[in-house]
>>> print(open('data-v2.cif').read())   # mmCIF, N, CA and C atoms
data_query
loop_
_atom_site.label_atom_id
_atom_site.label_comp_id
_atom_site.auth_asym_id
_atom_site.auth_seq_id
_atom_site.Cartn_x
_atom_site.Cartn_y
_atom_site.Cartn_z
N MET A 1 0.84 -1.16 0.00
CA MET A 1 0.00 0.00 0.00
C MET A 1 0.90 1.24 0.00
N ALA A 2 0.70 2.07 -0.96
CA ALA A 2 1.50 3.28 -1.08
C ALA A 2 0.67 4.48 -0.63
N MET A 3 1.37 5.52 -0.27
CA MET A 3 0.71 6.76 0.13
C MET A 3 0.84 7.76 -1.00
N ILE A 4 -0.23 8.47 -1.26
CA ILE A 4 -0.23 9.51 -2.29
C ILE A 4 -0.72 10.81 -1.65
N HIS A 5 -0.53 11.91 -2.35
CA HIS A 5 -1.01 13.20 -1.87
C HIS A 5 -2.35 13.50 -2.52
N CYS A 6 -3.29 13.95 -1.72
CA CYS A 6 -4.59 14.38 -2.24
C CYS A 6 -4.37 15.61 -3.11
N PRO A 7 -4.90 15.63 -4.33
CA PRO A 7 -4.69 16.79 -5.20
C PRO A 7 -5.42 18.05 -4.68
N GLU A 8 -6.36 17.88 -3.77
CA GLU A 8 -7.13 19.02 -3.26
C GLU A 8 -6.49 19.63 -2.02
N CYS A 9 -6.21 18.80 -1.00
CA CYS A 9 -5.72 19.34 0.28
C CYS A 9 -4.27 18.94 0.58
N GLN A 10 -3.66 18.14 -0.25
CA GLN A 10 -2.27 17.70 -0.14
C GLN A 10 -2.00 16.79 1.06
N ARG A 11 -3.03 16.24 1.69
CA ARG A 11 -2.82 15.27 2.77
C ARG A 11 -2.33 13.97 2.18
N GLN A 12 -1.59 13.21 2.98
CA GLN A 12 -1.17 11.88 2.54
C GLN A 12 -2.34 10.92 2.75
N VAL A 13 -2.62 10.18 1.69
CA VAL A 13 -3.78 9.28 1.68
C VAL A 13 -3.34 7.96 1.06
N SER A 14 -3.94 6.89 1.49
CA SER A 14 -3.66 5.58 0.91
C SER A 14 -4.06 5.57 -0.56
N ASP A 15 -3.27 4.89 -1.38
CA ASP A 15 -3.62 4.79 -2.80
C ASP A 15 -4.84 3.88 -3.03
N GLN A 16 -5.28 3.20 -1.98
CA GLN A 16 -6.46 2.34 -2.08
C GLN A 16 -7.76 3.09 -1.75
N ALA A 17 -7.63 4.31 -1.22
CA ALA A 17 -8.81 5.07 -0.80
C ALA A 17 -9.60 5.55 -2.00
N GLN A 18 -10.93 5.53 -1.84
CA GLN A 18 -11.81 6.03 -2.90
C GLN A 18 -11.87 7.56 -2.89
N SER A 19 -11.75 8.14 -1.68
CA SER A 19 -11.77 9.59 -1.54
C SER A 19 -10.88 9.98 -0.37
N CYS A 20 -10.51 11.22 -0.33
CA CYS A 20 -9.66 11.74 0.75
C CYS A 20 -10.47 11.80 2.04
N PRO A 21 -9.97 11.22 3.12
CA PRO A 21 -10.72 11.27 4.38
C PRO A 21 -10.75 12.68 4.98
N GLY A 22 -9.86 13.54 4.55
CA GLY A 22 -9.82 14.90 5.09
C GLY A 22 -10.79 15.83 4.42
N CYS A 23 -10.75 15.88 3.09
CA CYS A 23 -11.58 16.85 2.37
C CYS A 23 -12.70 16.19 1.55
N GLY A 24 -12.63 14.88 1.37
CA GLY A 24 -13.67 14.18 0.62
C GLY A 24 -13.47 14.18 -0.87
N HIS A 25 -12.36 14.73 -1.33
CA HIS A 25 -12.09 14.77 -2.78
C HIS A 25 -12.00 13.34 -3.33
N PRO A 26 -12.71 13.04 -4.41
CA PRO A 26 -12.64 11.68 -4.98
C PRO A 26 -11.24 11.42 -5.56
N LEU A 27 -10.69 10.27 -5.21
CA LEU A 27 -9.36 9.92 -5.68
C LEU A 27 -9.41 8.89 -6.81
N LYS A 28 -10.45 8.10 -6.84
CA LYS A 28 -10.60 7.09 -7.89
C LYS A 28 -11.95 7.31 -8.55
N ALA A 29 -11.97 7.09 -9.84
CA ALA A 29 -13.23 7.17 -10.56
C ALA A 29 -14.11 6.00 -10.15
N ALA A 30 -15.40 6.23 -10.11
CA ALA A 30 -16.33 5.15 -9.78
C ALA A 30 -16.22 4.07 -10.84
N PRO A 31 -16.30 2.81 -10.45
CA PRO A 31 -16.21 1.74 -11.44
C PRO A 31 -17.34 1.85 -12.45
N PRO A 32 -17.05 1.61 -13.72
CA PRO A 32 -18.09 1.74 -14.75
C PRO A 32 -19.19 0.71 -14.52
N ALA A 33 -20.40 1.09 -14.87
CA ALA A 33 -21.54 0.17 -14.74
C ALA A 33 -21.34 -1.01 -15.68
N SER A 34 -21.74 -2.14 -15.22
CA SER A 34 -21.61 -3.36 -16.02
C SER A 34 -22.51 -3.26 -17.25
N ARG A 35 -21.96 -3.63 -18.39
CA ARG A 35 -22.77 -3.60 -19.61
C ARG A 35 -23.91 -4.58 -19.53
N ALA A 36 -23.64 -5.75 -18.96
CA ALA A 36 -24.69 -6.76 -18.87
C ALA A 36 -25.84 -6.25 -18.01
N GLY A 37 -25.51 -5.58 -16.91
CA GLY A 37 -26.56 -5.04 -16.05
C GLY A 37 -27.38 -3.99 -16.77
N GLY A 38 -26.71 -3.14 -17.56
CA GLY A 38 -27.42 -2.12 -18.31
C GLY A 38 -28.34 -2.71 -19.35
N VAL A 39 -27.86 -3.75 -20.04
CA VAL A 39 -28.68 -4.41 -21.06
C VAL A 39 -29.86 -5.11 -20.40
N ALA A 40 -29.59 -5.78 -19.28
CA ALA A 40 -30.66 -6.50 -18.59
C ALA A 40 -31.74 -5.52 -18.11
N GLN A 41 -31.33 -4.37 -17.62
CA GLN A 41 -32.30 -3.40 -17.16
C GLN A 41 -33.08 -2.80 -18.32
N THR A 42 -32.47 -2.74 -19.49
CA THR A 42 -33.15 -2.20 -20.66
C THR A 42 -34.09 -3.22 -21.28
N VAL A 43 -33.69 -4.48 -21.30
CA VAL A 43 -34.45 -5.52 -21.98
C VAL A 43 -35.57 -6.08 -21.10
N ALA A 44 -35.38 -6.11 -19.80
CA ALA A 44 -36.36 -6.74 -18.90
C ALA A 44 -37.77 -6.17 -19.05
N PRO A 45 -37.97 -4.86 -19.10
CA PRO A 45 -39.35 -4.36 -19.26
C PRO A 45 -39.96 -4.76 -20.60
N VAL A 46 -39.14 -4.80 -21.64
CA VAL A 46 -39.63 -5.18 -22.97
C VAL A 46 -40.05 -6.64 -22.97
N VAL A 47 -39.22 -7.50 -22.38
CA VAL A 47 -39.54 -8.92 -22.31
C VAL A 47 -40.80 -9.13 -21.49
N GLY A 48 -40.93 -8.42 -20.39
CA GLY A 48 -42.13 -8.53 -19.56
C GLY A 48 -43.38 -8.12 -20.31
N LYS A 49 -43.28 -7.04 -21.09
CA LYS A 49 -44.44 -6.56 -21.85
C LYS A 49 -44.81 -7.56 -22.95
N VAL A 50 -43.80 -8.11 -23.62
CA VAL A 50 -44.06 -9.10 -24.67
C VAL A 50 -44.70 -10.35 -24.07
N ALA A 51 -44.19 -10.79 -22.92
CA ALA A 51 -44.72 -11.98 -22.27
C ALA A 51 -46.17 -11.76 -21.85
N SER A 52 -46.49 -10.60 -21.29
CA SER A 52 -47.86 -10.36 -20.86
C SER A 52 -48.79 -10.24 -22.06
N THR A 53 -48.33 -9.63 -23.14
CA THR A 53 -49.13 -9.55 -24.36
C THR A 53 -49.38 -10.94 -24.92
N TYR A 54 -48.37 -11.79 -24.91
CA TYR A 54 -48.51 -13.16 -25.38
C TYR A 54 -49.55 -13.91 -24.55
N LEU A 55 -49.52 -13.74 -23.24
CA LEU A 55 -50.49 -14.43 -22.38
C LEU A 55 -51.91 -13.93 -22.63
N ILE A 56 -52.09 -12.65 -22.88
CA ILE A 56 -53.42 -12.12 -23.18
C ILE A 56 -53.94 -12.71 -24.48
N VAL A 57 -53.11 -12.72 -25.51
CA VAL A 57 -53.52 -13.27 -26.80
C VAL A 57 -53.83 -14.76 -26.66
N LEU A 58 -53.00 -15.47 -25.93
CA LEU A 58 -53.23 -16.90 -25.71
C LEU A 58 -54.56 -17.13 -24.99
N GLY A 59 -54.88 -16.30 -24.01
CA GLY A 59 -56.14 -16.43 -23.29
C GLY A 59 -57.34 -16.17 -24.19
N VAL A 60 -57.25 -15.16 -25.04
CA VAL A 60 -58.36 -14.86 -25.97
C VAL A 60 -58.55 -16.00 -26.95
N VAL A 61 -57.48 -16.53 -27.51
CA VAL A 61 -57.58 -17.64 -28.46
C VAL A 61 -58.18 -18.87 -27.76
N ALA A 62 -57.75 -19.15 -26.55
CA ALA A 62 -58.29 -20.30 -25.81
C ALA A 62 -59.78 -20.12 -25.55
N ALA A 63 -60.21 -18.91 -25.19
CA ALA A 63 -61.63 -18.66 -24.93
C ALA A 63 -62.46 -18.84 -26.20
N VAL A 64 -61.96 -18.33 -27.33
CA VAL A 64 -62.68 -18.48 -28.59
C VAL A 64 -62.78 -19.95 -28.98
N LEU A 65 -61.71 -20.70 -28.85
CA LEU A 65 -61.75 -22.12 -29.17
C LEU A 65 -62.70 -22.87 -28.24
N PHE A 66 -62.68 -22.56 -26.97
CA PHE A 66 -63.54 -23.20 -25.98
C PHE A 66 -65.01 -22.96 -26.32
N LEU A 67 -65.36 -21.69 -26.56
CA LEU A 67 -66.75 -21.36 -26.89
C LEU A 67 -67.15 -21.96 -28.24
N GLY A 68 -66.25 -21.91 -29.20
CA GLY A 68 -66.54 -22.49 -30.51
C GLY A 68 -66.80 -23.98 -30.43
N PHE A 69 -66.04 -24.68 -29.62
CA PHE A 69 -66.22 -26.12 -29.46
C PHE A 69 -67.62 -26.42 -28.92
N PHE A 70 -68.05 -25.69 -27.86
CA PHE A 70 -69.36 -25.95 -27.28
C PHE A 70 -70.50 -25.53 -28.20
N LEU A 71 -70.30 -24.47 -28.97
CA LEU A 71 -71.32 -24.08 -29.95
C LEU A 71 -71.46 -25.13 -31.03
N LEU A 72 -70.33 -25.66 -31.50
CA LEU A 72 -70.35 -26.70 -32.52
C LEU A 72 -70.97 -27.97 -31.98
N MET A 73 -70.65 -28.35 -30.75
CA MET A 73 -71.22 -29.55 -30.15
C MET A 73 -72.74 -29.38 -29.95
N GLY A 74 -73.18 -28.19 -29.64
CA GLY A 74 -74.61 -27.93 -29.45
C GLY A 74 -75.36 -28.09 -30.76
N LYS A 75 -74.76 -27.63 -31.87
CA LYS A 75 -75.42 -27.77 -33.18
C LYS A 75 -75.44 -29.22 -33.62
N VAL A 76 -74.37 -29.95 -33.34
CA VAL A 76 -74.30 -31.35 -33.75
C VAL A 76 -75.30 -32.16 -32.93
N ALA A 77 -75.35 -31.94 -31.64
CA ALA A 77 -76.24 -32.71 -30.76
C ALA A 77 -77.72 -32.30 -30.99
N GLY A 78 -77.92 -31.00 -31.24
CA GLY A 78 -79.30 -30.51 -31.43
C GLY A 78 -79.83 -30.80 -32.82
N GLY A 79 -78.92 -31.07 -33.72
CA GLY A 79 -79.18 -31.49 -35.06
C GLY A 79 -80.09 -30.88 -35.92
#
>>> encode(input="data-v2.cif", output="structure tokens")
Amino acid sequence: MAMIHCPECQRQVSDQAQSCPGCGHPLKAAPPASRAGGVAQTVAPVVGKVASTYLIVLGVVAAVLFLGFFLLMGKVAGG
């Protein structure tokens, strides 16, 4: 661990410090955001919306087929 001088107040600070404990001046840049996290946060709402739309369409199709089957059976049985 080496000691460096804070560019703001000139105090000696550990080179591992994120900011100067004396004046609070940032010594290291914040780590960049993960690309995967950014993509996941961007894609997740879209995937959720597509999935919910798919389930709605699937439900409507199932209801139409269900009603159609019973209407057809009623006509066949009622003859």
>>> atom_distance(input="data-v2.cif", atom1="atom CA of Arg11 of chain A", atom2="atom CA of Cys23 of chain A")
8.9 Å
>>> residues_around(input="data-v2.cif", residues="Lys28 of chain A", least_positions_apart="3", cutoff="9 Å", atoms="only C-alpha atoms", output="PyMOL selection string")
chain A and resi 15-19+31
>>> select_by_dssp(input="data-v2.cif", residues="chain A", states="helix (DSSP H, G or I)", output="ChimeraX atom specification")
/A:35-78
>>> closest_residue(input="data-v2.cif", among="A:Val47, A:Ala62, A:Leu67, A:Cys20", to="Ile4 of chain A", atoms="only C-alpha atoms")
A:Cys20
>>> atom_distance(input="data-v2.cif", atom1="atom CA of His25 of chain A", atom2="atom N of Glu8 of chain A")
6.6 Å
>>> atom_distance(input="data-v2.cif", atom1="atom CA of Ala44 of chain A", atom2="atom CA of Ile56 of chain A")
18.4 Å
>>> select_by_dssp(input="data-v2.cif", residues="chain A", states="strand (DSSP E or B)", output="PDB file with N, CA and C atoms, keeping the file's coordinate frame")
ATOM      1  N   MET A   3       1.370   5.520  -0.270  1.00  0.00           N
ATOM      2  CA  MET A   3       0.710   6.760   0.130  1.00  0.00           C
ATOM      3  C   MET A   3       0.840   7.760  -1.000  1.00  0.00           C
ATOM      4  N   ILE A   4      -0.230   8.470  -1.260  1.00  0.00           N
ATOM      5  CA  ILE A   4      -0.230   9.510  -2.290  1.00  0.00           C
ATOM      6  C   ILE A   4      -0.720  10.810  -1.650  1.00  0.00           C
ATOM      7  N   HIS A   5      -0.530  11.910  -2.350  1.00  0.00           N
ATOM      8  CA  HIS A   5      -1.010  13.200  -1.870  1.00  0.00           C
ATOM      9  C   HIS A   5      -2.350  13.500  -2.520  1.00  0.00           C
ATOM     10  N   GLN A  12      -1.590  13.210   2.980  1.00  0.00           N
ATOM     11  CA  GLN A  12      -1.170  11.880   2.540  1.00  0.00           C
ATOM     12  C   GLN A  12      -2.340  10.920   2.750  1.00  0.00           C
ATOM     13  N   VAL A  13      -2.620  10.180   1.690  1.00  0.00           N
ATOM     14  CA  VAL A  13      -3.780   9.280   1.680  1.00  0.00           C
ATOM     15  C   VAL A  13      -3.340   7.960   1.060  1.00  0.00           C
ATOM     16  N   SER A  14      -3.940   6.890   1.490  1.00  0.00           N
ATOM     17  CA  SER A  14      -3.660   5.580   0.910  1.00  0.00           C
ATOM     18  C   SER A  14      -4.060   5.570  -0.560  1.00  0.00           C
ATOM     19  N   SER A  19     -11.750   8.140  -1.680  1.00  0.00           N
ATOM     20  CA  SER A  19     -11.770   9.590  -1.540  1.00  0.00           C
ATOM     21  C   SER A  19     -10.880   9.980  -0.370  1.00  0.00           C
ATOM     22  N   PRO A  26     -12.710  13.040  -4.410  1.00  0.00           N
ATOM     23  CA  PRO A  26     -12.640  11.680  -4.980  1.00  0.00           C
ATOM     24  C   PRO A  26     -11.240  11.420  -5.560  1.00  0.00           C
TER      25      PRO A  26
END
>>> closest_residue(input="data-v2.cif", among="A:Tyr54, A:Leu71, A:Leu27, A:Ser14", to="Ala2 of chain A", atoms="only C-alpha atoms")
A:Ser14
